[in-house]
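This report concerns only the one structure given below.
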Protein chains: 2
Amino acid sequence: MNPAPIIILVRPQLGENIGKAARAMLNFGLTEMRIVNPRDGWPNPSAGPAASGADVVLEQAQVFDTLAEATADISHIYATTVRKRGVTKPVLTPEAAAGEIIGANGRSAILFGAERSGLETEEVAVARSIITVPINPEFGSLNLAQAVILCAYEWSKHQSLASPPKVELDPPAPQAELDGMIGQLFGLLEGRGYFFPPERTNVTQQTLRNLLTKPGWNSLEVRTLRGVLRSFRD
Amino acid sequence: MNPAPIIILVRPQLGENIGKAARAMLNFGLTEMRIVNPRDGWPNPSAGPAASGADVVLEQAQVFDTLAEATADISHIYATTVRKRGVTKPVLTPEAAAGEIIGANGRSAILFGAERSGLETEEVAVARSIITVPINPEFGSLNLAQAVILCAYEWSKHQSLASPPKVELDPPAPQAELDGMIGQLFGLLEGRGYFFPPERTNVTQQTLRNLLTKPGWNSLEVRTLRGVLRSFRD
């Protein structure tokens with residue numbers, strides 16, 4: 001299987017945000033973090049508590065002085081930016097980027113800039129593609145961990161861990177069982193003079209049948225309802 | 001267009017998390033929040049600062065005493081849960097739920113439980129479907145705002161606001177321009193005795209041609225490179 005992308009935080013400011021990014025990553029199965037020139041040095045005591053248990057990501061995080069060193073072994077570099085920059089590179093959604101990363105030959109990495117300022121133009125320049133999260137044009141306020149989580153989430157969709165939990169729902173009851181219940185109901189209603197005037201009986205029964213067909217009740221539910229109906233017998 | 005889903009926070013504990021949820025919503029164009037029985041009452045002074053400017057969501061938020069009141073006008077209720085509960089309802093990913101919500105007739109709402117405990121079984125019971133974010137089975141630690149943002153993000157993909165930013169990339173130069181450059185290079189290399197032994201010339205040129213075709217340089221880039229090559233003339 002294609003290796004998971006590396007998350008590279010470039011000049012992150014707060015240890016707390018590094019921890020939150022680690023937590024965001026591990027939620028979706030990403031474990032490799034690199035940190036370029038963190039403002040407050042490394043390790044940072046604020047990172048651990050914010051990681052909420054994703055310590056393994058922080059413990060294995062590698063720290064570099066320069067972006068060039070951090071990306072030396074990477075074949076496919078993606079730069080996340082909020083707005084379109086004055087650079088002409090393909091701009092991908094996190095979804096499209098995840099699709100590329102899954103199919104790529106060689107390691108991929110996604111760069112995230114400093115919390116306040118984002119990536120500098122020369123940092124974006126090392127990437128072949130840009131990732132921009134499509135966002136409310138009137139309110140764009142994604143923080144670092146949120147940007148990380150959306151990229152990790154989209155990547156995880158391609159992984160087996162992301163398979164939706166399977167719930168085996170009982171299928172709707174066979175038609176005969178439903179018909180049995182409907183017949184029981186009609187019998188009860190007839191006994192109570194519900195179908196009036198008599199010439200409307202067919203139409204009314206059709207209405208009820210449609211209504212009772214819609215839920216797709218399973219056998220157990222049908223049996224339960226028959227029990228309910230039985231309680232209405234005189 | 002189908003109305004946007006309403007985000008219903010059920011028994012939220014911290015005002016800060018209500019604010020963060022508002023911020024997460026507005027990033028992806030959701031504005032309607034309902035709050036059921038917030039632990040610390042409402043308004044909550046911690047919510048505003050955490051919303052980072054998404055005040056409009058908080059100001060318009062409606063507060064209810066019970067979930068029944070908060071969902072009285074909703075046709076399609078989704079309950080978010082971390083794990084599969086002992087209930088038999090369809091379990092959807094945020095992606096699948098977004099697809100349903102977009103196509104649904106009537107208002108939809110997504111329920112999020114208290115930070116610590118999530119939704120209670122009887123709260124889940126009012127929903128026709130469950131939304132579960134597929135997550136790392138060995139580390140599931142999504143906070144409230146993150147769960148909200150993933151649902152809002154998936155919904156936003158169907159909206160026009162989510163259209164990926166368009167960047168008009170210059171197309172690769174017409175083949176004649178690329179050939180001109182390659183011919184220029186081959187001429188230069190020939191003059192320098194690069195093609196040796198002579199019987200390998202064709203193979204070597206093929207290798208170079210493949211290599212130079214790969215980038216898909218545009219016309220301007222090809223012209224720039226021809227300038228570079230010109231500088232190598234004796």
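Chain labels A, B, ... are given in the sequence in which chains occur in the structure tokens; within each chain residues are numbered consecutively from 1, and ligands are likewise numbered from 1 in the order shown.
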Which parts of chain A does DSSP call helix (DSSP H, G or I) when run on the backbone here, written out as a ChimeraX atom specification? /A:15-27,47-51,55-59,67-70,94-103,121-124,144-156,160-162,175-191,198-213,219-230
If we count only C-alpha atoms, which residues of chain B reach to within 6 Å of chain A? Please list them as a PDB file with N, CA, C and O atoms, in the first residue's frame.
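Result written to iface16.pdb:
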```pdb
ATOM      1  N   ASN B  27     -17.638  28.428   8.833  1.00  0.00           N
ATOM      2  CA  ASN B  27     -16.602  28.167   7.837  1.00  0.00           C
ATOM      3  C   ASN B  27     -17.170  27.480   6.612  1.00  0.00           C
ATOM      4  O   ASN B  27     -16.697  27.682   5.495  1.00  0.00           O
ATOM      5  N   PHE B  28     -18.168  26.644   6.836  1.00  0.00           N
ATOM      6  CA  PHE B  28     -18.707  25.881   5.712  1.00  0.00           C
ATOM      7  C   PHE B  28     -20.153  26.252   5.411  1.00  0.00           C
ATOM      8  O   PHE B  28     -20.913  25.474   4.846  1.00  0.00           O
ATOM      9  N   GLY B  29     -20.529  27.461   5.807  1.00  0.00           N
ATOM     10  CA  GLY B  29     -21.781  28.018   5.343  1.00  0.00           C
ATOM     11  C   GLY B  29     -23.021  27.621   6.120  1.00  0.00           C
ATOM     12  O   GLY B  29     -24.131  27.895   5.678  1.00  0.00           O
ATOM     13  N   PRO B 134     -15.912   7.714  10.378  1.00  0.00           N
ATOM     14  CA  PRO B 134     -14.985   6.569  10.399  1.00  0.00           C
ATOM     15  C   PRO B 134     -13.627   7.053  10.906  1.00  0.00           C
ATOM     16  O   PRO B 134     -13.073   8.016  10.394  1.00  0.00           O
ATOM     17  N   ILE B 135     -13.133   6.391  11.904  1.00  0.00           N
ATOM     18  CA  ILE B 135     -11.992   6.941  12.632  1.00  0.00           C
ATOM     19  C   ILE B 135     -11.032   5.829  12.993  1.00  0.00           C
ATOM     20  O   ILE B 135     -11.386   4.658  12.972  1.00  0.00           O
ATOM     21  N   ASN B 136      -9.805   6.196  13.280  1.00  0.00           N
ATOM     22  CA  ASN B 136      -8.769   5.249  13.702  1.00  0.00           C
ATOM     23  C   ASN B 136      -9.291   4.401  14.864  1.00  0.00           C
ATOM     24  O   ASN B 136      -9.561   4.922  15.940  1.00  0.00           O
ATOM     25  N   PHE B 139      -7.491   5.001  18.052  1.00  0.00           N
ATOM     26  CA  PHE B 139      -7.409   6.338  18.637  1.00  0.00           C
ATOM     27  C   PHE B 139      -8.549   7.174  18.093  1.00  0.00           C
ATOM     28  O   PHE B 139      -8.426   7.803  17.057  1.00  0.00           O
ATOM     29  N   GLY B 140      -9.643   7.147  18.778  1.00  0.00           N
ATOM     30  CA  GLY B 140     -10.771   7.969  18.359  1.00  0.00           C
ATOM     31  C   GLY B 140     -10.936   9.091  19.360  1.00  0.00           C
ATOM     32  O   GLY B 140     -11.308   8.856  20.489  1.00  0.00           O
ATOM     33  N   ALA B 162     -18.580  25.983  -2.248  1.00  0.00           N
ATOM     34  CA  ALA B 162     -17.477  25.044  -2.099  1.00  0.00           C
ATOM     35  C   ALA B 162     -16.772  24.769  -3.416  1.00  0.00           C
ATOM     36  O   ALA B 162     -15.921  23.910  -3.479  1.00  0.00           O
ATOM     37  N   PRO B 164     -14.137  24.626  -5.993  1.00  0.00           N
ATOM     38  CA  PRO B 164     -12.707  24.823  -5.799  1.00  0.00           C
ATOM     39  C   PRO B 164     -12.250  26.068  -6.535  1.00  0.00           C
ATOM     40  O   PRO B 164     -12.763  26.387  -7.616  1.00  0.00           O
TER      41      PRO B 164
END
```
Can you work out the spacing between atom CA of A:Ile102 and atom CA of A:Asn2 in Å, to one decimal?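 These atoms are spaced 6.1 Å apart.
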Between B:Pro215, B:Gly227, B:Pro172, B:Pro5, single out the one closest to B:Arg107, counting only C-alpha atoms.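 That would be B:Pro5, the residue with the smallest distance to B:Arg107.
Neighbouring residues of stretch 36-49 of chain B at 8 Å or closer, counting only C-alpha atoms and skipping chain neighbours under 2 positions away, are Ile8, Leu9, Val10, Arg11, Pro12, Gln13, Leu14, Gly15, Glu16, Asn17, Ile18, Gly19, Lys20, Arg34, Ala51, Ser52, Gly53, Ala54, Asp55, Leu58, Val63, Phe64, Asp65, Thr66, Leu67 and Ala70 of chain B.
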Residue subset to file, keeping N, CA, C and O atoms, as an mmCIF file, in the first residue's frame:
```cif
data_model
loop_
_atom_site.group_PDB
_atom_site.id
_atom_site.type_symbol
_atom_site.label_atom_id
_atom_site.label_comp_id
_atom_site.auth_asym_id
_atom_site.auth_seq_id
_atom_site.Cartn_x
_atom_site.Cartn_y
_atom_site.Cartn_z
ATOM 1 N N ILE B 8 -27.809 20.904 15.977
ATOM 2 C CA ILE B 8 -28.424 20.922 17.303
ATOM 3 C C ILE B 8 -27.431 20.363 18.325
ATOM 4 O O ILE B 8 -27.043 19.196 18.251
ATOM 5 N N LEU B 9 -27.025 21.219 19.243
ATOM 6 C CA LEU B 9 -26.125 20.791 20.317
ATOM 7 C C LEU B 9 -26.981 20.403 21.517
ATOM 8 O O LEU B 9 -27.746 21.221 22.034
ATOM 9 N N VAL B 10 -26.869 19.158 21.919
ATOM 10 C CA VAL B 10 -27.706 18.650 23.006
ATOM 11 C C VAL B 10 -26.896 18.623 24.304
ATOM 12 O O VAL B 10 -25.863 17.970 24.382
ATOM 13 N N ARG B 11 -27.362 19.372 25.269
ATOM 14 C CA ARG B 11 -26.705 19.471 26.573
ATOM 15 C C ARG B 11 -25.207 19.789 26.493
ATOM 16 O O ARG B 11 -24.394 19.131 27.146
ATOM 17 N N PRO B 12 -24.828 20.787 25.690
ATOM 18 C CA PRO B 12 -23.393 21.100 25.642
ATOM 19 C C PRO B 12 -22.920 21.620 27.001
ATOM 20 O O PRO B 12 -23.676 22.269 27.723
ATOM 21 N N GLN B 13 -21.669 21.312 27.325
ATOM 22 C CA GLN B 13 -21.159 21.669 28.639
ATOM 23 C C GLN B 13 -20.465 23.023 28.646
ATOM 24 O O GLN B 13 -20.827 23.903 29.403
ATOM 25 N N LEU B 14 -19.471 23.202 27.779
ATOM 26 C CA LEU B 14 -18.661 24.415 27.818
ATOM 27 C C LEU B 14 -19.076 25.430 26.757
ATOM 28 O O LEU B 14 -19.216 25.087 25.577
ATOM 29 N N GLY B 15 -19.239 26.689 27.196
ATOM 30 C CA GLY B 15 -19.531 27.759 26.248
ATOM 31 C C GLY B 15 -18.471 27.856 25.168
ATOM 32 O O GLY B 15 -18.765 28.148 24.003
ATOM 33 N N GLU B 16 -17.236 27.604 25.541
ATOM 34 C CA GLU B 16 -16.143 27.654 24.586
ATOM 35 C C GLU B 16 -16.396 26.683 23.415
ATOM 36 O O GLU B 16 -16.132 27.009 22.259
ATOM 37 N N ASN B 17 -16.916 25.523 23.747
ATOM 38 C CA ASN B 17 -17.161 24.541 22.684
ATOM 39 C C ASN B 17 -18.347 24.914 21.811
ATOM 40 O O ASN B 17 -18.385 24.583 20.622
ATOM 41 N N ILE B 18 -19.305 25.611 22.406
ATOM 42 C CA ILE B 18 -20.424 26.111 21.599
ATOM 43 C C ILE B 18 -19.899 27.144 20.594
ATOM 44 O O ILE B 18 -20.259 27.136 19.421
ATOM 45 N N GLY B 19 -19.011 28.006 21.077
ATOM 46 C CA GLY B 19 -18.407 29.000 20.192
ATOM 47 C C GLY B 19 -17.596 28.360 19.077
ATOM 48 O O GLY B 19 -17.682 28.756 17.910
ATOM 49 N N LYS B 20 -16.814 27.346 19.448
ATOM 50 C CA LYS B 20 -16.004 26.671 18.427
ATOM 51 C C LYS B 20 -16.874 25.961 17.396
ATOM 52 O O LYS B 20 -16.533 25.896 16.218
ATOM 53 N N ARG B 34 -29.132 25.241 17.090
ATOM 54 C CA ARG B 34 -30.076 25.144 18.198
ATOM 55 C C ARG B 34 -29.343 24.503 19.378
ATOM 56 O O ARG B 34 -28.487 23.643 19.173
ATOM 57 N N ALA B 51 -15.807 31.797 19.220
ATOM 58 C CA ALA B 51 -16.412 31.751 17.882
ATOM 59 C C ALA B 51 -15.555 32.478 16.850
ATOM 60 O O ALA B 51 -15.785 32.330 15.643
ATOM 61 N N SER B 52 -14.581 33.252 17.312
ATOM 62 C CA SER B 52 -13.639 33.927 16.409
ATOM 63 C C SER B 52 -14.331 34.668 15.277
ATOM 64 O O SER B 52 -13.902 34.595 14.130
ATOM 65 N N GLY B 53 -15.394 35.352 15.599
ATOM 66 C CA GLY B 53 -16.055 36.153 14.567
ATOM 67 C C GLY B 53 -17.332 35.545 14.031
ATOM 68 O O GLY B 53 -18.059 36.193 13.282
ATOM 69 N N ALA B 54 -17.624 34.324 14.405
ATOM 70 C CA ALA B 54 -18.863 33.696 13.928
ATOM 71 C C ALA B 54 -20.023 34.072 14.852
ATOM 72 O O ALA B 54 -20.876 33.247 15.180
ATOM 73 N N ASP B 55 -20.055 35.330 15.259
ATOM 74 C CA ASP B 55 -21.052 35.775 16.230
ATOM 75 C C ASP B 55 -22.471 35.646 15.694
ATOM 76 O O ASP B 55 -23.411 35.423 16.444
ATOM 77 N N LEU B 58 -24.099 32.544 16.806
ATOM 78 C CA LEU B 58 -24.469 32.531 18.231
ATOM 79 C C LEU B 58 -25.662 33.435 18.505
ATOM 80 O O LEU B 58 -26.547 33.097 19.288
ATOM 81 N N VAL B 63 -32.555 28.458 21.802
ATOM 82 C CA VAL B 63 -32.346 27.578 22.946
ATOM 83 C C VAL B 63 -33.669 26.901 23.317
ATOM 84 O O VAL B 63 -34.730 27.539 23.295
ATOM 85 N N PHE B 64 -33.603 25.617 23.586
ATOM 86 C CA PHE B 64 -34.788 24.839 23.930
ATOM 87 C C PHE B 64 -34.541 24.057 25.211
ATOM 88 O O PHE B 64 -33.408 23.709 25.530
ATOM 89 N N ASP B 65 -35.642 23.770 25.903
ATOM 90 C CA ASP B 65 -35.521 22.971 27.117
ATOM 91 C C ASP B 65 -35.405 21.484 26.812
ATOM 92 O O ASP B 65 -34.782 20.734 27.554
ATOM 93 N N THR B 66 -36.057 21.074 25.741
ATOM 94 C CA THR B 66 -36.070 19.640 25.431
ATOM 95 C C THR B 66 -35.717 19.397 23.971
ATOM 96 O O THR B 66 -35.901 20.267 23.106
ATOM 97 N N LEU B 67 -35.233 18.197 23.730
ATOM 98 C CA LEU B 67 -34.912 17.807 22.364
ATOM 99 C C LEU B 67 -36.174 17.748 21.509
ATOM 100 O O LEU B 67 -36.150 18.074 20.323
ATOM 101 N N ALA B 70 -36.861 21.119 20.238
ATOM 102 C CA ALA B 70 -35.835 21.561 19.285
ATOM 103 C C ALA B 70 -35.977 20.885 17.931
ATOM 104 O O ALA B 70 -35.499 21.403 16.921
#
```
Within stretch 17-112 of chain B, find each residue whose DSSP state, derived from the backbone, is strand (DSSP E or B), and express the selection as a JSON list (two decimals) with all heavy atoms, in the first residue's frame.
```json
[["chain", "number", "residue", "atom", "x", "y", "z"],
["B", 33, "MET", "N", -28.04, 27.26, 14.40],
["B", 33, "MET", "CA", -27.70, 26.43, 15.55],
["B", 33, "MET", "C", -28.86, 26.43, 16.54],
["B", 33, "MET", "O", -29.50, 27.45, 16.76],
["B", 33, "MET", "CB", -26.46, 26.99, 16.24],
["B", 33, "MET", "CG", -26.08, 26.28, 17.53],
["B", 33, "MET", "SD", -24.71, 27.10, 18.41],
["B", 33, "MET", "CE", -23.30, 26.37, 17.57],
["B", 34, "ARG", "N", -29.13, 25.24, 17.09],
["B", 34, "ARG", "CA", -30.08, 25.14, 18.20],
["B", 34, "ARG", "C", -29.34, 24.50, 19.38],
["B", 34, "ARG", "O", -28.49, 23.64, 19.17],
["B", 34, "ARG", "CB", -31.30, 24.31, 17.80],
["B", 34, "ARG", "CG", -32.13, 25.02, 16.73],
["B", 34, "ARG", "CD", -33.36, 24.26, 16.33],
["B", 34, "ARG", "NE", -34.05, 24.97, 15.25],
["B", 34, "ARG", "CZ", -35.14, 24.53, 14.65],
["B", 34, "ARG", "NH1", -35.70, 23.38, 15.03],
["B", 34, "ARG", "NH2", -35.70, 25.23, 13.69],
["B", 35, "ILE", "N", -29.69, 24.94, 20.55],
["B", 35, "ILE", "CA", -29.02, 24.43, 21.74],
["B", 35, "ILE", "C", -30.07, 23.89, 22.70],
["B", 35, "ILE", "O", -31.02, 24.60, 23.04],
["B", 35, "ILE", "CB", -28.21, 25.55, 22.43],
["B", 35, "ILE", "CG1", -27.30, 26.27, 21.41],
["B", 35, "ILE", "CG2", -27.36, 24.98, 23.57],
["B", 35, "ILE", "CD1", -26.62, 27.50, 21.98],
["B", 36, "VAL", "N", -29.92, 22.66, 23.09],
["B", 36, "VAL", "CA", -30.87, 22.05, 24.01],
["B", 36, "VAL", "C", -30.25, 21.99, 25.41],
["B", 36, "VAL", "O", -29.20, 21.37, 25.60],
["B", 36, "VAL", "CB", -31.25, 20.63, 23.56],
["B", 36, "VAL", "CG1", -32.20, 19.98, 24.56],
["B", 36, "VAL", "CG2", -31.89, 20.67, 22.17],
["B", 62, "GLN", "N", -31.03, 29.32, 18.74],
["B", 62, "GLN", "CA", -32.25, 29.19, 19.53],
["B", 62, "GLN", "C", -32.01, 28.17, 20.63],
["B", 62, "GLN", "O", -31.35, 27.15, 20.42],
["B", 62, "GLN", "CB", -33.39, 28.70, 18.64],
["B", 62, "GLN", "CG", -33.83, 29.72, 17.60],
["B", 62, "GLN", "CD", -34.95, 29.15, 16.75],
["B", 62, "GLN", "OE1", -34.72, 28.35, 15.86],
["B", 62, "GLN", "NE2", -36.18, 29.55, 17.06],
["B", 63, "VAL", "N", -32.56, 28.46, 21.80],
["B", 63, "VAL", "CA", -32.35, 27.58, 22.95],
["B", 63, "VAL", "C", -33.67, 26.90, 23.32],
["B", 63, "VAL", "O", -34.73, 27.54, 23.30],
["B", 63, "VAL", "CB", -31.79, 28.36, 24.14],
["B", 63, "VAL", "CG1", -31.56, 27.45, 25.34],
["B", 63, "VAL", "CG2", -30.48, 29.05, 23.75],
["B", 64, "PHE", "N", -33.60, 25.62, 23.59],
["B", 64, "PHE", "CA", -34.79, 24.84, 23.93],
["B", 64, "PHE", "C", -34.54, 24.06, 25.21],
["B", 64, "PHE", "O", -33.41, 23.71, 25.53],
["B", 64, "PHE", "CB", -35.12, 23.85, 22.81],
["B", 64, "PHE", "CG", -35.45, 24.51, 21.50],
["B", 64, "PHE", "CD1", -34.43, 24.88, 20.62],
["B", 64, "PHE", "CD2", -36.76, 24.78, 21.15],
["B", 64, "PHE", "CE1", -34.73, 25.50, 19.41],
["B", 64, "PHE", "CE2", -37.07, 25.39, 19.94],
["B", 64, "PHE", "CZ", -36.06, 25.76, 19.07],
["B", 76, "HIS", "N", -35.97, 15.32, 9.05],
["B", 76, "HIS", "CA", -34.90, 14.32, 8.95],
["B", 76, "HIS", "C", -33.87, 14.57, 10.03],
["B", 76, "HIS", "O", -33.10, 15.53, 9.96],
["B", 76, "HIS", "CB", -34.23, 14.38, 7.58],
["B", 76, "HIS", "CG", -35.19, 14.33, 6.44],
["B", 76, "HIS", "ND1", -35.76, 13.15, 6.01],
["B", 76, "HIS", "CD2", -35.72, 15.31, 5.67],
["B", 76, "HIS", "CE1", -36.59, 13.42, 5.01],
["B", 76, "HIS", "NE2", -36.58, 14.71, 4.78],
["B", 77, "ILE", "N", -33.87, 13.72, 11.03],
["B", 77, "ILE", "CA", -32.98, 13.91, 12.17],
["B", 77, "ILE", "C", -31.85, 12.90, 12.10],
["B", 77, "ILE", "O", -32.09, 11.70, 11.95],
["B", 77, "ILE", "CB", -33.74, 13.75, 13.50],
["B", 77, "ILE", "CG1", -34.93, 14.73, 13.54],
["B", 77, "ILE", "CG2", -32.82, 13.97, 14.69],
["B", 77, "ILE", "CD1", -35.79, 14.56, 14.77],
["B", 78, "TYR", "N", -30.63, 13.39, 12.18],
["B", 78, "TYR", "CA", -29.44, 12.54, 12.21],
["B", 78, "TYR", "C", -28.78, 12.67, 13.57],
["B", 78, "TYR", "O", -28.65, 13.78, 14.09],
["B", 78, "TYR", "CB", -28.44, 12.98, 11.13],
["B", 78, "TYR", "CG", -28.98, 12.81, 9.73],
["B", 78, "TYR", "CD1", -29.81, 13.77, 9.15],
["B", 78, "TYR", "CD2", -28.69, 11.68, 8.99],
["B", 78, "TYR", "CE1", -30.31, 13.62, 7.87],
["B", 78, "TYR", "CE2", -29.20, 11.51, 7.71],
["B", 78, "TYR", "CZ", -30.01, 12.48, 7.16],
["B", 78, "TYR", "OH", -30.52, 12.31, 5.90],
["B", 79, "ALA", "N", -28.38, 11.56, 14.14],
["B", 79, "ALA", "CA", -27.70, 11.58, 15.45],
["B", 79, "ALA", "C", -26.25, 11.17, 15.25],
["B", 79, "ALA", "O", -25.97, 10.13, 14.65],
["B", 79, "ALA", "CB", -28.39, 10.60, 16.40],
["B", 80, "THR", "N", -25.33, 12.01, 15.72],
["B", 80, "THR", "CA", -23.92, 11.64, 15.62],
["B", 80, "THR", "C", -23.52, 10.83, 16.84],
["B", 80, "THR", "O", -23.82, 11.21, 17.97],
["B", 80, "THR", "CB", -23.02, 12.89, 15.53],
["B", 80, "THR", "OG1", -23.29, 13.72, 16.64],
["B", 80, "THR", "CG2", -23.29, 13.66, 14.26],
["B", 91, "VAL", "N", -26.36, 3.42, 9.60],
["B", 91, "VAL", "CA", -25.20, 4.21, 10.03],
["B", 91, "VAL", "C", -24.55, 4.80, 8.78],
["B", 91, "VAL", "O", -24.17, 4.08, 7.87],
["B", 91, "VAL", "CB", -24.18, 3.34, 10.79],
["B", 91, "VAL", "CG1", -22.96, 4.17, 11.16],
["B", 91, "VAL", "CG2", -24.82, 2.76, 12.04],
["B", 92, "LEU", "N", -24.46, 6.10, 8.75],
["B", 92, "LEU", "CA", -23.92, 6.79, 7.58],
["B", 92, "LEU", "C", -22.61, 7.48, 7.92],
["B", 92, "LEU", "O", -22.40, 7.90, 9.06],
["B", 92, "LEU", "CB", -24.91, 7.85, 7.09],
["B", 92, "LEU", "CG", -26.34, 7.40, 6.81],
["B", 92, "LEU", "CD1", -27.22, 8.61, 6.50],
["B", 92, "LEU", "CD2", -26.35, 6.44, 5.64],
["B", 108, "SER", "N", -33.59, 19.26, 7.61],
["B", 108, "SER", "CA", -32.75, 18.25, 8.24],
["B", 108, "SER", "C", -32.02, 18.87, 9.42],
["B", 108, "SER", "O", -31.75, 20.07, 9.43],
["B", 108, "SER", "CB", -31.72, 17.69, 7.26],
["B", 108, "SER", "OG", -32.35, 17.08, 6.17],
["B", 109, "ALA", "N", -31.71, 18.04, 10.40],
["B", 109, "ALA", "CA", -30.93, 18.51, 11.55],
["B", 109, "ALA", "C", -29.97, 17.41, 11.95],
["B", 109, "ALA", "O", -30.26, 16.22, 11.80],
["B", 109, "ALA", "CB", -31.83, 18.88, 12.72],
["B", 110, "ILE", "N", -28.82, 17.82, 12.46],
["B", 110, "ILE", "CA", -27.82, 16.87, 12.94],
["B", 110, "ILE", "C", -27.61, 17.13, 14.43],
["B", 110, "ILE", "O", -27.33, 18.25, 14.84],
["B", 110, "ILE", "CB", -26.49, 17.02, 12.19],
["B", 110, "ILE", "CG1", -26.73, 16.98, 10.67],
["B", 110, "ILE", "CG2", -25.50, 15.94, 12.62],
["B", 110, "ILE", "CD1", -25.47, 17.22, 9.84],
["B", 111, "LEU", "N", -27.80, 16.08, 15.22],
["B", 111, "LEU", "CA", -27.66, 16.19, 16.67],
["B", 111, "LEU", "C", -26.25, 15.84, 17.11],
["B", 111, "LEU", "O", -25.69, 14.83, 16.67],
["B", 111, "LEU", "CB", -28.61, 15.22, 17.38],
["B", 111, "LEU", "CG", -30.07, 15.16, 16.95],
["B", 111, "LEU", "CD1", -30.82, 14.19, 17.87],
["B", 111, "LEU", "CD2", -30.69, 16.54, 16.98],
["B", 112, "PHE", "N", -25.72, 16.64, 18.03],
["B", 112, "PHE", "CA", -24.42, 16.37, 18.65],
["B", 112, "PHE", "C", -24.62, 16.36, 20.16],
["B", 112, "PHE", "O", -25.21, 17.28, 20.71],
["B", 112, "PHE", "CB", -23.40, 17.44, 18.27],
["B", 112, "PHE", "CG", -23.08, 17.47, 16.80],
["B", 112, "PHE", "CD1", -23.90, 18.15, 15.91],
["B", 112, "PHE", "CD2", -21.98, 16.79, 16.30],
["B", 112, "PHE", "CE1", -23.61, 18.17, 14.56],
["B", 112, "PHE", "CE2", -21.68, 16.80, 14.95],
["B", 112, "PHE", "CZ", -22.51, 17.49, 14.07]]
```
Stretch 183-200 of chain B: which residues within 7 Å, counting only C-alpha atoms, same-chain residues fewer than 4 positions away excluded, as a PyMOL selection string? chain B and resi 179+204+229+233
Just write the chosen residues, all heavy atoms, as a PDB file, in the first residue's frame.
```pdb
ATOM      1  N   ASP B 179       9.536  20.809 -29.657  1.00  0.00           N
ATOM      2  CA  ASP B 179      10.490  20.209 -30.597  1.00  0.00           C
ATOM      3  C   ASP B 179      11.603  21.190 -30.948  1.00  0.00           C
ATOM      4  O   ASP B 179      12.768  20.802 -31.090  1.00  0.00           O
ATOM      5  CB  ASP B 179       9.764  19.784 -31.884  1.00  0.00           C
ATOM      6  CG  ASP B 179       9.054  18.451 -31.711  1.00  0.00           C
ATOM      7  OD1 ASP B 179       9.332  17.766 -30.712  1.00  0.00           O
ATOM      8  OD2 ASP B 179       8.224  18.114 -32.576  1.00  0.00           O
ATOM      9  N   THR B 204      19.864   7.617 -26.720  1.00  0.00           N
ATOM     10  CA  THR B 204      20.103   8.716 -25.783  1.00  0.00           C
ATOM     11  C   THR B 204      19.147   9.874 -26.052  1.00  0.00           C
ATOM     12  O   THR B 204      18.586  10.475 -25.125  1.00  0.00           O
ATOM     13  CB  THR B 204      21.558   9.208 -25.915  1.00  0.00           C
ATOM     14  OG1 THR B 204      22.434   8.088 -25.761  1.00  0.00           O
ATOM     15  CG2 THR B 204      21.871  10.242 -24.849  1.00  0.00           C
ATOM     16  N   LEU B 229      19.406  27.765 -23.060  1.00  0.00           N
ATOM     17  CA  LEU B 229      20.227  26.983 -23.982  1.00  0.00           C
ATOM     18  C   LEU B 229      21.102  27.899 -24.844  1.00  0.00           C
ATOM     19  O   LEU B 229      22.267  27.601 -25.108  1.00  0.00           O
ATOM     20  CB  LEU B 229      19.336  26.121 -24.870  1.00  0.00           C
ATOM     21  CG  LEU B 229      18.596  24.969 -24.160  1.00  0.00           C
ATOM     22  CD1 LEU B 229      17.711  24.213 -25.149  1.00  0.00           C
ATOM     23  CD2 LEU B 229      19.600  24.014 -23.532  1.00  0.00           C
ATOM     24  N   ARG B 233      25.693  28.397 -26.105  1.00  0.00           N
ATOM     25  CA  ARG B 233      26.356  28.382 -27.418  1.00  0.00           C
ATOM     26  C   ARG B 233      27.804  28.829 -27.233  1.00  0.00           C
ATOM     27  O   ARG B 233      28.090  29.727 -26.440  1.00  0.00           O
ATOM     28  CB  ARG B 233      25.648  29.323 -28.399  1.00  0.00           C
ATOM     29  CG  ARG B 233      24.397  28.719 -29.001  1.00  0.00           C
ATOM     30  CD  ARG B 233      23.839  29.615 -30.067  1.00  0.00           C
ATOM     31  NE  ARG B 233      23.604  30.968 -29.525  1.00  0.00           N
ATOM     32  CZ  ARG B 233      22.864  31.890 -30.155  1.00  0.00           C
ATOM     33  NH1 ARG B 233      22.322  31.614 -31.316  1.00  0.00           N
ATOM     34  NH2 ARG B 233      22.689  33.078 -29.619  1.00  0.00           N
TER      35      ARG B 233
END
```
Between atom CA of A:Trp155 and atom CA of B:Pro94, what is the distance, to one decimal in Å?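 Interatomic distance here is 14.5 Å.
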